[in-house]
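Enquirer: Handing you a structure now.
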Amino acid sequence: METQGDQHAAGELLLRGGESSARPPELVQGISALRIEELAQEGRAPRRAGESHAAAATQVDDDDGDGDGDGDGDGDGDGGEAGGAVERRKRLSVLSIEEEFRHHKPGLARLNNGSFGSCPKSVLDAQQAWSRWWLRQPDECYFGPLEQGLHRARQEVASVIHAPVEEVFLLENVTAAASMVALDVMWAFAEGRYCKGDSILVLNFTYGAVKKAFQGYSSRAGGRVFQVTIPFPVSSEEQILQTFEEALKKERDEHPSSTIRLAVFDHIISMPTMILPIRKLVKLCRSYGVENIFIDGAHGIGNLELNMEDIDADFYTSNLHKWMFAPTTAAFVHCKAKHLARLHHPIISHLYGNGIVAECSWVGTRDYSALVAVPEAIQFVKDIAGSLEQYSNANHCKVVAMAEMLASAWGTFLGTPPEMCAAMAMIALPSPLNVHSPAELLSLRRRIREEYGVEVHLFFAGNSPQAISDEAESGGRLRIITTYVRISHQIYNTTDEYIQLRDAINDLALKA
Ligand SMILES: Cc1ncc(COP(=O)(O)O)c(C=O)c1O
């Protein structure tokens with residue numbers, strides 16, 4: 001495209017536009033109706049620390065006997081709501097969740113939404129309509145609609161996370177966001193703003209790719225990466241806060257002349273999963289003089305209420321393709337205004353120097369359709385559950401109920417307390433299934449998938465201080481648990497799938 005360079009060099013990103021609409025004519029407007037009464041009702045069950053989640057997930061069963069499950073006795077399933085809500089619920093009863101996820105491999109129990117997310121048909125349709133428009137007439141799309149589509153997606157995300165749209169930009173995934181911030185740190189060392197030996201805090205459970213970004217860029221430039229060791233199994237938020245505070249004190253005592261330039265921690269650690277008390281951690285870090293905070297919220301949006309001002313991190317990033325039903329790949333970054341001018345996309349393209357929002361809007365010729373389809377994904381959540389809160393609460397209640405069911409069937413325990421779980425949970429596997437190396441772990445995971453048709457993620461806690469006993473004496477010996485399964489719950493999952501997992505593990509334990 002020979003015109004592209006000129007346009008971009010002139011910084012005319014926002015001037016690409018013609019008159020066309022940001023949406024292709026055939027783009028699906030909103031999401032088709034789904035049958036989600038069950039989910040929406042579960043979503044009304046409040047999340048309370050210490051409560052039996054099995055009870056919370058079922059307490060909303062239809063108790064008025066009208067068959068709609070809403071408990072208001074009118075049989076319309078609207079729970080007594082008026083106007084638009086009634087309309088919506090009526091629409092929701094037309095199609096089924098199965099329709100939306102029919103592209104999933106039949107017969108496979110997908111209990112691992114946490115790893116790769118999922119995307120319903122109606123959102124895929126919206127994405128594909130955009131892709132077809134692009135391929136039919138790229139020029140028309142490029143000059144205007146692409147920019148408008150991305151802007152609309154940023155606006156929708158900004159409103160969900162309660163942030164000014166100017167501080168929000170979209171990019172491919174959290175891995176790229178981590179590299180972006182790690183590069184910023186690298187330049188601070190290279191330009192002498194940071195001194196050799198200044199440090200970057202990460203966790204033992206920081207996601208591997210994210211940790212490597214900071215090791216690869218920031219440590220090579222002179223930063224010292226130090227690790228806070230989060231315990232697992234974990235018992236409470238207080239335990240995390242205490243661990244953190246001890247680590248910060250130790251760092252201050254041992255390296256009094258070094259400044260912690262950046263703390264990197266998760267909103268929801270993915271493996272072993274647990275929600276971290278990020279608001280308290282941000283405050284704690286700042287009280288110890290930590291300059292900047294990067295929160296890896298890969299699992300945040302769609303699971304937890306997000307208010308950027310309230311969280312007060314310098315950088316917060318989350319994947320939209322994990323729990324928000326966006327197509328692969330879509331993520332956002334929220335960045336405090338004071339850092340915006342310094343940030344650059346890790347891939348430099350025509351719009352370098354025009355601001356990070358502009359840089360992310362054109363990273364060379366690539367497929368932007370997943371990003372443009374983000375509003376459809378957000379609308380999908382609203383349509384299926386009424387609100388993000390109901391949606392996330394429903395997933396949370398159900399995953400905890402299923403985790404408790406599995407732990408009780410296997411005679412084990414949860415590695416993360418229910419109130420620290422989002423839509424994923426850790427359950428100790430019976431000790432006959434203990435593995436002793438990452439290779440054995442992979443092999444067990446493969447067997448569960450290939451022989452029993454269940455996709456789950458496993459965690460190896462053994463051969464390290466995290467190896468744990470459940471303190472149940474059997475024949476005078478402590479039972480050591482080295483292996484945990486992580487389950488997820490997403491709206492397409494059914495109770496039968498967790499039963500399939502329960503039986504698979506029982507069978508494998510018998511054969512072990
Ligand atoms: C906690 C956490 N951070 C970062 C990532 C990376 O996400 P992506 O591969 O989409 O960049 C993941 C992916 O599972 C994750 O769980």
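FYI, nothing fancy with the structure tokens labels: chains A, B, ... in order, residues from 1 per chain, ligands from 1 as they appear.
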Dump the neighbourhood of ligand 1 as a list in words: all residues within 7 Å, distances computed on only C-alpha atoms and all ligand atoms.
Expert: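 Counting only what the definition allows, namely only C-alpha atoms and all ligand atoms, the set is Gly114, Ser115, Phe116, Asn173, Val174, Thr175, Ala176, Thr206, Tyr207, Ala209, Val210, Asp266, Ile268, Ile269, Ser270, Asp296, Gly297, Ala298, His299 and Asn319 of chain A.
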Enquirer: Just write the chosen residues, C-alpha atoms, as a PDB file, in the first residue's frame.
Expert:
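The new file out.pdb reads:
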```
ATOM      1  CA  GLY A 114      -8.763 -20.780  31.711  1.00  0.00           C
ATOM      2  CA  SER A 115      -6.022 -21.680  29.261  1.00  0.00           C
ATOM      3  CA  PHE A 116      -7.365 -20.482  25.947  1.00  0.00           C
ATOM      4  CA  ASN A 173      -2.538 -10.475  24.102  1.00  0.00           C
ATOM      5  CA  VAL A 174      -1.120 -10.108  27.594  1.00  0.00           C
ATOM      6  CA  THR A 175       2.215 -11.532  26.453  1.00  0.00           C
ATOM      7  CA  ALA A 176       2.639  -8.529  24.147  1.00  0.00           C
ATOM      8  CA  THR A 206       4.088 -15.128  37.689  1.00  0.00           C
ATOM      9  CA  TYR A 207       3.044 -16.528  34.315  1.00  0.00           C
ATOM     10  CA  ALA A 209       5.934 -15.698  29.452  1.00  0.00           C
ATOM     11  CA  VAL A 210       5.448 -12.575  31.541  1.00  0.00           C
ATOM     12  CA  ASP A 266      -1.360 -11.139  38.877  1.00  0.00           C
ATOM     13  CA  ILE A 268      -5.799 -13.943  39.295  1.00  0.00           C
ATOM     14  CA  ILE A 269      -2.819 -16.259  39.296  1.00  0.00           C
ATOM     15  CA  SER A 270      -3.514 -18.854  36.667  1.00  0.00           C
ATOM     16  CA  ASP A 296      -1.218  -9.142  34.877  1.00  0.00           C
ATOM     17  CA  GLY A 297      -4.992  -9.391  34.844  1.00  0.00           C
ATOM     18  CA  ALA A 298      -5.045 -11.967  32.030  1.00  0.00           C
ATOM     19  CA  HIS A 299      -8.069 -13.561  33.735  1.00  0.00           C
ATOM     20  CA  ASN A 319      -7.143 -10.815  27.847  1.00  0.00           C
TER      21      ASN A 319
END
```
Enquirer: Name the residues of range 261-425 of chain A that fall into strand (DSSP E) according to DSSP on the backbone, using the chain letters and numbers of this document, as a PyMOL selection string.
Expert: chain A and resi 261-266+268-269+274-275+292-296+315-319+331-335+424-425
Enquirer: Those residues with C-alpha atoms, as a PDB file, in the first residue's frame please?
Expert:
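Result written to again-v2.pdb:
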```pdb
ATOM      1  CA  ARG A 261      11.180   0.202  40.040  1.00  0.00           C
ATOM      2  CA  LEU A 262       8.346  -2.144  39.165  1.00  0.00           C
ATOM      3  CA  ALA A 263       6.233  -4.767  40.908  1.00  0.00           C
ATOM      4  CA  VAL A 264       4.621  -7.337  38.629  1.00  0.00           C
ATOM      5  CA  PHE A 265       1.805  -9.427  40.005  1.00  0.00           C
ATOM      6  CA  ASP A 266      -1.360 -11.139  38.877  1.00  0.00           C
ATOM      7  CA  ILE A 268      -5.799 -13.943  39.295  1.00  0.00           C
ATOM      8  CA  ILE A 269      -2.819 -16.259  39.296  1.00  0.00           C
ATOM      9  CA  MET A 274      -5.964 -17.821  43.201  1.00  0.00           C
ATOM     10  CA  ILE A 275      -7.277 -14.263  43.304  1.00  0.00           C
ATOM     11  CA  ASN A 292       5.295   1.392  39.465  1.00  0.00           C
ATOM     12  CA  ILE A 293       2.911  -1.530  39.424  1.00  0.00           C
ATOM     13  CA  PHE A 294       2.102  -3.804  36.481  1.00  0.00           C
ATOM     14  CA  ILE A 295      -0.869  -6.066  37.021  1.00  0.00           C
ATOM     15  CA  ASP A 296      -1.218  -9.142  34.877  1.00  0.00           C
ATOM     16  CA  PHE A 315      -0.466  -0.718  34.081  1.00  0.00           C
ATOM     17  CA  TYR A 316      -3.302  -3.232  34.064  1.00  0.00           C
ATOM     18  CA  THR A 317      -3.721  -5.678  31.219  1.00  0.00           C
ATOM     19  CA  SER A 318      -6.298  -8.372  30.579  1.00  0.00           C
ATOM     20  CA  ASN A 319      -7.143 -10.815  27.847  1.00  0.00           C
ATOM     21  CA  ALA A 331      -6.498  -7.914  24.997  1.00  0.00           C
ATOM     22  CA  PHE A 332      -6.481  -4.454  26.492  1.00  0.00           C
ATOM     23  CA  VAL A 333      -4.048  -2.385  28.499  1.00  0.00           C
ATOM     24  CA  HIS A 334      -5.009   0.381  30.874  1.00  0.00           C
ATOM     25  CA  CYS A 335      -2.102   2.725  31.457  1.00  0.00           C
ATOM     26  CA  MET A 424     -11.204 -21.750  38.240  1.00  0.00           C
ATOM     27  CA  ALA A 425     -10.411 -23.986  41.217  1.00  0.00           C
TER      28      ALA A 425
END
```
Enquirer: Could you please write out, as a PyMOL selection string, every residue of range 323-500 of chain A that DSSP assigns to helix (DSSP H, G or I)?
Expert: chain A and resi 323+337-340+356-361+369-372+374-385+388-410+418-420+431-433+438-452+495-500
Enquirer: Between A:Leu241, A:Leu406, A:Leu508, A:Ala163, which is the closest to Asn307 in chain A once you count only C-alpha atoms?
Expert: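 Of A:Leu241, A:Leu406, A:Leu508, A:Ala163, the one nearest Asn307 in chain A, counting only C-alpha atoms, is A:Ala163.
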Enquirer: Please identify all polymer residues within 10 Å of Glu156 in chain A, counting only C-alpha atoms, omitting same-chain residues fewer than 3 positions from it, and present them as a compact mmCIF listing (two decimals) with C-alpha atoms, in the first residue's frame.
Expert:
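Writing the result to part.txt gives the following:
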```
# COMPACT_ATOMS: atom_id res chain seq x y z
CA LEU A 150 -11.07 -0.08 17.13
CA HIS A 151 -12.19 3.13 18.77
CA ARG A 152 -15.62 1.68 19.47
CA ALA A 153 -14.01 -1.42 20.98
CA SER A 159 -16.76 1.64 30.12
CA VAL A 160 -16.51 -1.89 31.55
CA ILE A 161 -13.31 -1.11 33.44
CA HIS A 162 -14.36 2.39 34.48
CA VAL A 165 -10.91 5.83 26.92
CA VAL A 374 -14.88 -7.00 21.01
CA PRO A 375 -18.12 -4.99 21.41
CA GLU A 376 -20.10 -8.00 20.18
CA ILE A 378 -19.21 -7.68 25.58
CA GLN A 379 -22.81 -7.54 24.37
```
Enquirer: Expressed in Å to a single decimal, how great is the separation between CA of Pro106 in chain A and CA of Ser118 in chain A?
Expert: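 Distance between the two atoms: 14.7 Å.
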Enquirer: Hey, what's within 12 Å of Pro138 in chain A if we count only C-alpha atoms and toss same-chain stuff fewer than 5 positions away? As a ChimeraX atom specification, please?
Expert: /A:1,24,130-133,143-146,365-368
Enquirer: With N, CA and C atoms retained, write the just-selected residues as a short mmCIF file (atom, residue, chain, number, x, y, z; two decimals), in the first residue's frame.
Expert:
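File written: out00.cif
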```cif
data_model
loop_
_atom_site.label_atom_id
_atom_site.label_comp_id
_atom_site.auth_asym_id
_atom_site.auth_seq_id
_atom_site.Cartn_x
_atom_site.Cartn_y
_atom_site.Cartn_z
N MET A 1 0.85 -1.20 0.00
CA MET A 1 0.00 0.00 0.00
C MET A 1 0.87 1.24 0.00
N PRO A 24 -19.36 -3.68 9.12
CA PRO A 24 -19.79 -4.13 7.80
C PRO A 24 -21.30 -4.25 7.79
N TRP A 130 -16.54 -9.02 9.50
CA TRP A 130 -15.52 -7.98 9.36
C TRP A 130 -14.39 -8.46 8.44
N SER A 131 -13.93 -9.68 8.68
CA SER A 131 -12.83 -10.21 7.85
C SER A 131 -13.20 -10.24 6.38
N ARG A 132 -14.45 -10.64 6.11
CA ARG A 132 -14.89 -10.70 4.71
C ARG A 132 -14.92 -9.30 4.10
N TRP A 133 -15.36 -8.34 4.88
CA TRP A 133 -15.40 -6.94 4.42
C TRP A 133 -13.99 -6.49 4.07
N PHE A 143 -9.32 2.94 5.38
CA PHE A 143 -9.46 4.39 5.54
C PHE A 143 -10.74 4.73 6.32
N GLY A 144 -10.71 4.53 7.59
CA GLY A 144 -11.85 4.94 8.40
C GLY A 144 -12.44 3.86 9.26
N PRO A 145 -13.12 2.88 8.65
CA PRO A 145 -13.83 1.90 9.46
C PRO A 145 -12.94 1.13 10.44
N LEU A 146 -11.72 0.82 10.04
CA LEU A 146 -10.86 0.09 10.97
C LEU A 146 -10.62 0.94 12.22
N THR A 365 0.32 -4.91 8.39
CA THR A 365 -0.84 -5.64 7.88
C THR A 365 -1.02 -6.90 8.69
N ARG A 366 -2.13 -7.02 9.33
CA ARG A 366 -2.45 -8.19 10.14
C ARG A 366 -3.96 -8.23 10.30
N ASP A 367 -4.42 -9.25 11.01
CA ASP A 367 -5.86 -9.42 11.15
C ASP A 367 -6.35 -8.69 12.41
N TYR A 368 -7.11 -7.65 12.23
CA TYR A 368 -7.61 -6.87 13.37
C TYR A 368 -9.05 -7.27 13.74
#
```
Enquirer: Given only C-alpha atoms, how would the per-residue table for range 297-416 of chain A near range 428-444 of chain A read, listing every residue at most 8 Å away with its closest atom pair and distance in Å to one decimal, sorted by chain and number, as a tab-separated table?
Expert:
```
residue	atom	partner	partner_atom	distance
A:Ala407	CA	A:Ala428	CA	7.2
A:Trp410	CA	A:Pro430	CA	6.0
A:Gly411	CA	A:Pro430	CA	7.1
A:Thr412	CA	A:Ala428	CA	5.7
A:Phe413	CA	A:Ala428	CA	5.7
A:Leu414	CA	A:Ala428	CA	6.3
A:Gly415	CA	A:Ala428	CA	6.5
```
Enquirer: Using only C-alpha atoms, which of the listed residues (A:Pro164, A:Pro346, A:Pro417, A:Gly222) sits closest to Ala177 in chain A?
Expert: A:Pro346
Enquirer: Considering only C-alpha atoms, can you say which of A:Tyr498, A:Phe459, A:Phe325, A:Phe244 comes closest to Tyr288 in chain A?
Expert: A:Phe244
Enquirer: Give me, please, the distance in Å between CA of Phe380 in chain A and CA of Leu170 in chain A, quoted to one decimal.
Expert: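 CA of Phe380 in chain A sits 19.0 Å away from CA of Leu170 in chain A.
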Enquirer: Which residue out of A:Ile97, A:Leu458, A:Ile384, A:Ala330 has the minimum interatomic distance to Lys121 in chain A when only C-alpha atoms are used?
Expert: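 Once distances to Lys121 in chain A are computed over only C-alpha atoms, the minimum belongs to A:Ile97.
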Enquirer: Would you list the contacts of Asp507 in chain A as a VMD selection string, taking every protein, DNA or RNA residue within 12 Å and counting only C-alpha atoms, but skipping same-chain residues closer than 3 positions in sequence?
Expert: chain A and resid 410 430 432 to 433 447 to 448 451 to 452 500 to 504 510 to 512
Enquirer: For CA of Gly107 in chain A and CA of Thr328 in chain A, quote the distance in Å rounded to one decimal.
Expert: 22.8 Å
